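Student: Take this structure, written in structure tokens, and hold onto it; I'll ask about it next.
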Amino acid sequence: MADTNAVNSQAEPQVTMRESSQTIPESSDENEPVFIDPDLEFIQTLRKRGVDTYKKCMQCGTCSATCEISPDFEPFPRKEMSWASWGMKERLMADPDVWLCYHCNDCSTQCPRGANPGDTLAVIRQESIQHWAFPRFLARWVNEPQSILLLLGIPTALLLLALALKVPIEEALGIIPRMGDRIVYPYSSVFPHWLLISFFLFFSFLSLGLGMIGIGRFWRAMKKAFPPDRYAAPGKGLFQSTLVTLKNIFTHDDFAKCNKSFSRTWSHMSVFFGFTALSLVALWIITGRINPFMQGDFVYPFSFLSPWKILANVGGIALLVGIGLMIVDRFKIKEETSIGNYFDWMLIATILLIVITGYATEALHYYRLEPHRHLAYFVHLVLVLGLILYLPYSKLAHMFFRTTALIYAEYSGRKAELSKTEIAIQENAEQNTDQSTTEPQAAAAKAANS
Amino acid sequence: MNANAKSILIIGGGIAGITAAVDAAEVGYQVILVEKEAYLGGRVMQMHRYFPKMCPPTCGFEINVRRIKQNPRITVHTLASVEEISGEPGNFKAKVKIDPRYVTGVHAIDDSIAEQLQSERPNDFNYAMENTKALYLPHDMAYPPMYVLDREILSDTDVERLKHICPADTIDMEMMAKTLEIEVGSVIIATGWKPYDTTNLDSLGGGQFQNVISNVMLERLIAPGGPTQGKIVRSSDDQKPGNIAFVQCAGSRDENHLAYCSAVCCMASLKHVRYIREQYESAKITVFYIDIRTIGREEKFYYDLLEDENVSFIKGKVAKINEDASTKNLILDVEDTVSGETLHQNFDMVVLATGMVPNGIDFELPIDLPVDDYGFLIGEASAEGIYSVGCAKRPCDVSRSTKDSTAAALKAIQQLNRGD
């Protein structure tokens, strides 16, 4: 494999990207020159988001070869670093690969230039969320520190409005607040269940709907820019891709493949399952009236010994522990982990405050402190509403985007490329062992294995 | 010529120091050449051949030795170091410490005596790939052509043995270090370089895997005076390697190691490729690189190799080297950035093209001089009357080094004449 490329490239006249990974995907001719129209604003935005190092990249490929979860075919993040430097925004926004990365930053540690590919991909993901989100101005607000008051004001105002309309609506609809015998020291005097359930359900569905618009755009962009026929490996059906991806998300299998992100895997798992537990409890309560298993009287708030209360408390602790680990991780050795930017800390702070206000409410309720418990509960509800409202725009939107990209990776065959890589490495290792069967040590090892 | 009363002190007896010494002495100036090793010639003597002409360093060195020998104005101190410099331009005082060689030079010694000793030491000249006896000639071409005794590792039995077998006055076990105080007019610093320590290169298996060697070690393997008498073999099984990888920028242009380019490693590896192709016609060689930096006329050296079917060039920095424990073969993980594919290739032997570290970082310079972030002397900013040359200043090859020296010799001479 003599390097004819090195000589040929000298002769090429203008800025052309010869690499197969750089050619326009629609183009059938690999050697067709690509016209690059750099998006300078995008280059500036990445800088503004906290990565001012990525232009130091000299395209040596250390990052791609270091990454333990990057496929052999068109590996990331070297090609993304080149696209970012060229300001090729459209391509990066449609790139499923940036979502295959779990930000262990092994590439950044090994990078000879301190170009920080790991953090660059994180910022590209952030931009991707803002790019596809609908409506986009909400995503912009989530990214701007100066809009923080606005972001807090919206859920506060919405909740206050709901509370103000409580009595008129109750009168108009003839809702009689249930103050049954077994309801002990309730919240419902201030926050009636019908109100919370309908209010939060409405905004949850709204968020989900808007989120779906965003990932719909993202899916079409991926399909256009990185069509399934780009990858030699076969893809799966859409249904199966979704199943495999969901399983992967629950087990954190891919996440755990980065050896370097051991603590990150555990912190994320903790937060993930904390959330899952709390969502289950919420779902149980919301469906209380129509849930056949919950007929008859039920006690609100749950007693401390109720299995649902226990599940909620365990979930809350898991969330707290996970978020705590995430914060510790960000302050650990600076070379190994990223300190995170505003977008990142915004989500961490929100979740942390939700857990803290949640437990504060629980404690104040336990000690029967009026009106403190209602105040704490109000703040808690505002934050939860904020989390739900900004779900399609905040870092939490990775729920939508990463899941979509992972499903697309299964569907298009990109993930199969990754497994192919693993097989190749394994075969290589096995081949080497086979060659050495004459060696007594290897023979002994084989005997021990069988 | 009153100026001749003052001498020029040259610190470092490698090719840069020698060149400055003969250049200044041959136009009539007194030179004191101080070398910390037991021999002159420095790193260049450890090379098998020079690029791009591929001539052995010994032929040029022989001429230089003759020029030194026949010139009474050059005083050479080996095993010596300059401990302190004080004073001002044109009027420096220097303390030179000379370590004992223990060999007097009154009578000749040969290997028949050294062979009888038991105590051994790592052969530094061959990068510790083999041992020598405690009484040793640093290398075949050593100048001064004198043995050295490593007194510290010499066992008590060997001390007794030496007393018996050596002719009287040949070896002086009681020899002490001595300090000279000299007055000089100007100083040339030619302290040179050392190879980057491969044990820092964890992910490339430096110092861990037997068949991963550095570029300077390869020079010794191919040299007739090397540990294998000129055969390139795997250290794990003494077999000849069928396919060999060169890892360019091993720890170079890398903020985690040496952030700079050492300027010579690309040409050095291309030279090594030629060595191997000459020795093993069927050997396959792959060079992994970020950029091949061959400038000016040297580019032809590279283009000629591009036509060799047995030599491949892959653009990509090697990120990781794993060893197959049973075969001791090496698997390189690298992205071919031209095709955009990660490769996991298997090799019998890997050569790490490591860069140059200025020697100055190991010892304190006898006088405060400005250095850059990496320990290279900032040449033009040096104190007046003190001039740095060659690799003490920045990584460079022999031809640039010697041009530096000639220029510095002239500056040093100008300084001597300035006072009048």
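Within each chain, counting starts at residue 1; across the structure tokens, chains are named A, B, ... in the order shown, with ligands numbered 1 upward in that order.
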Tell me which protein, DNA and RNA residues are within 7 Å of Gly316 of chain B, counting only C-alpha atoms, leaving out same-chain ones fewer than 4 positions away, and put them as a list of chain:residue names.

Tutor: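 Listed by chain and then number, they are A:Cys60, A:Gly61, B:Phe288, B:Tyr289, B:Ile290, B:Val334, B:Glu335, B:Asp336, B:Thr337.
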
Student: Residues as selected, C-alpha atoms, written as a short mmCIF file (atom, residue, chain, number, x, y, z; two decimals), in the first residue's frame, can you do that?

Tutor:
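File produced: out_31.cif:
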```
data_model
loop_
_atom_site.label_atom_id
_atom_site.label_comp_id
_atom_site.auth_asym_id
_atom_site.auth_seq_id
_atom_site.Cartn_x
_atom_site.Cartn_y
_atom_site.Cartn_z
CA CYS A 60 -3.37 13.36 13.35
CA GLY A 61 -6.15 10.90 14.20
CA PHE B 288 3.02 6.15 10.25
CA TYR B 289 3.25 9.92 10.22
CA ILE B 290 1.40 13.16 10.83
CA VAL B 334 -4.04 4.13 14.18
CA GLU B 335 -6.49 6.01 12.00
CA ASP B 336 -5.45 6.24 8.38
CA THR B 337 -6.65 9.81 8.05
#
```

Student: Using only C-alpha atoms, select each residue of chain B with any atom at most 8 Å away from an atom of chain A, and give the selection as JSON, numbers by chain.

Tutor: {"B": [253, 254, 255, 256, 259, 290, 306, 307, 308, 309, 310, 311, 312, 313, 314, 315, 316, 317, 318, 319, 320, 324, 326, 327, 333, 334, 335, 336, 337, 338, 339, 340, 341, 342, 343, 344]}

Student: Go ahead and write the residues just picked, C-alpha atoms, as a PDB file, in the first residue's frame.

Tutor:
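Output file selection22.pdb is given in full below:
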```pdb
ATOM      1  CA  ARG B 253       4.514  17.644  18.564  1.00  0.00           C
ATOM      2  CA  ASP B 254       2.596  16.421  21.577  1.00  0.00           C
ATOM      3  CA  GLU B 255       1.709  18.657  24.485  1.00  0.00           C
ATOM      4  CA  ASN B 256       1.735  15.635  26.783  1.00  0.00           C
ATOM      5  CA  ALA B 259       5.310  20.001  22.211  1.00  0.00           C
ATOM      6  CA  ILE B 290       1.404  13.163  10.828  1.00  0.00           C
ATOM      7  CA  LEU B 306       7.673   6.424  -2.200  1.00  0.00           C
ATOM      8  CA  GLU B 307       8.497   4.324  -5.226  1.00  0.00           C
ATOM      9  CA  ASP B 308       9.636   1.389  -3.147  1.00  0.00           C
ATOM     10  CA  GLU B 309       6.897  -1.254  -3.170  1.00  0.00           C
ATOM     11  CA  ASN B 310       7.965  -2.620   0.174  1.00  0.00           C
ATOM     12  CA  VAL B 311       7.581   0.694   1.921  1.00  0.00           C
ATOM     13  CA  SER B 312       4.179   2.165   2.775  1.00  0.00           C
ATOM     14  CA  PHE B 313       3.421   5.536   4.227  1.00  0.00           C
ATOM     15  CA  ILE B 314       0.231   5.906   6.234  1.00  0.00           C
ATOM     16  CA  LYS B 315      -0.891   9.319   7.382  1.00  0.00           C
ATOM     17  CA  GLY B 316      -2.019   8.992  10.990  1.00  0.00           C
ATOM     18  CA  LYS B 317      -0.490   9.224  14.421  1.00  0.00           C
ATOM     19  CA  VAL B 318      -0.269   5.880  16.204  1.00  0.00           C
ATOM     20  CA  ALA B 319      -2.459   6.111  19.283  1.00  0.00           C
ATOM     21  CA  LYS B 320      -1.782   2.791  20.923  1.00  0.00           C
ATOM     22  CA  ASP B 324       0.636 -10.058  21.670  1.00  0.00           C
ATOM     23  CA  SER B 326       2.784 -15.082  22.987  1.00  0.00           C
ATOM     24  CA  THR B 327       4.431 -13.952  19.746  1.00  0.00           C
ATOM     25  CA  ASP B 333      -4.032   1.197  16.550  1.00  0.00           C
ATOM     26  CA  VAL B 334      -4.042   4.130  14.175  1.00  0.00           C
ATOM     27  CA  GLU B 335      -6.491   6.012  12.000  1.00  0.00           C
ATOM     28  CA  ASP B 336      -5.447   6.244   8.381  1.00  0.00           C
ATOM     29  CA  THR B 337      -6.652   9.808   8.048  1.00  0.00           C
ATOM     30  CA  VAL B 338      -6.554   9.725   4.247  1.00  0.00           C
ATOM     31  CA  SER B 339      -8.956   6.809   3.842  1.00  0.00           C
ATOM     32  CA  GLY B 340     -10.725   7.591   7.102  1.00  0.00           C
ATOM     33  CA  GLU B 341     -10.381   4.133   8.557  1.00  0.00           C
ATOM     34  CA  THR B 342      -8.960   2.898  11.843  1.00  0.00           C
ATOM     35  CA  LEU B 343      -6.357   0.173  11.361  1.00  0.00           C
ATOM     36  CA  HIS B 344      -5.178  -2.494  13.786  1.00  0.00           C
TER      37      HIS B 344
END
```

Student: Would you mind listing what lies within 8 Å of segment 85-100 of chain A as an MDAnalysis selection string, with only C-alpha atoms counted and same-chain residues fewer than 4 positions away left out?

Tutor: chainID A and resid 36:40 42:43 54:55 69:70 76:77 80:81 121:122 124:125 127:128 131 218 221:222 225:226 401:402 405:406 408:409

Student: Applying 6 Å and only C-alpha atoms, which residues near Leu330 of chain B remain after dropping the ones on its own chain fewer than 2 positions away? List them as an MDAnalysis selection string.

Tutor: chainID B and resid 322:323 346:347

Student: Taking N, CA and C atoms for each residue, export the selection above as a PDB file, in the first residue's frame.

Tutor:
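Result went into out15.pdb, see below:
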```
ATOM      1  N   ASN B 322      -0.313  -2.417  21.281  1.00  0.00           N
ATOM      2  CA  ASN B 322      -0.532  -3.553  22.183  1.00  0.00           C
ATOM      3  C   ASN B 322       0.439  -4.659  21.795  1.00  0.00           C
ATOM      4  N   GLU B 323       0.825  -5.442  22.780  1.00  0.00           N
ATOM      5  CA  GLU B 323       1.719  -6.552  22.486  1.00  0.00           C
ATOM      6  C   GLU B 323       0.949  -7.855  22.570  1.00  0.00           C
ATOM      7  N   ASN B 346      -0.542  -5.515  12.507  1.00  0.00           N
ATOM      8  CA  ASN B 346       0.363  -6.371  13.244  1.00  0.00           C
ATOM      9  C   ASN B 346       1.804  -6.222  12.723  1.00  0.00           C
ATOM     10  N   PHE B 347       2.764  -6.033  13.604  1.00  0.00           N
ATOM     11  CA  PHE B 347       4.166  -5.884  13.178  1.00  0.00           C
ATOM     12  C   PHE B 347       5.094  -6.715  14.047  1.00  0.00           C
TER      13      PHE B 347
END
```

Student: For Ala128 of chain B, list every protein, DNA or RNA residue within 12 Å, evaluated using only C-alpha atoms, and leave out those in the same chain fewer than 5 positions away; present the list as a ChimeraX atom specification.

Tutor: /B:120-123,216-217,220-221,226-227

Student: Find the residues around segment 189-192 of chain B up to 10 Å (only C-alpha atoms counted), leave out those fewer than 2 positions away in its own chain, and share them as a ChimeraX atom specification.

Tutor: /B:9-18,20,34-36,42-43,187,194,356-360,365,376-377,379,386-396,401,404-405,408

Student: Excluding Tyr280 of chain B and its own-chain neighbours fewer than 6 positions away, which residues fall within 12 Å of it when counting only C-alpha atoms? Please give them as a PyMOL selection string.

Tutor: chain B and resi 222+231-233+240-244+273-274+310

Student: Can you write just those residues out, C-alpha atoms, as a PDB file, in the first residue's frame?

Tutor:
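Once everything was written out, this is part_5.pdb:
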```pdb
ATOM      1  CA  ILE B 222      22.704  -1.437  12.507  1.00  0.00           C
ATOM      2  CA  LYS B 231      22.225  -7.053  12.537  1.00  0.00           C
ATOM      3  CA  ILE B 232      18.728  -5.697  12.987  1.00  0.00           C
ATOM      4  CA  VAL B 233      16.976  -8.346  15.079  1.00  0.00           C
ATOM      5  CA  LYS B 240      15.022 -10.879  11.822  1.00  0.00           C
ATOM      6  CA  PRO B 241      11.821  -8.852  11.633  1.00  0.00           C
ATOM      7  CA  GLY B 242       9.698  -9.389   8.519  1.00  0.00           C
ATOM      8  CA  ASN B 243       7.613  -6.269   8.833  1.00  0.00           C
ATOM      9  CA  ILE B 244       8.556  -3.185  10.715  1.00  0.00           C
ATOM     10  CA  VAL B 273      14.108   2.552   6.161  1.00  0.00           C
ATOM     11  CA  ARG B 274      17.058   2.481   3.772  1.00  0.00           C
ATOM     12  CA  ASN B 310       7.965  -2.620   0.174  1.00  0.00           C
TER      13      ASN B 310
END
```
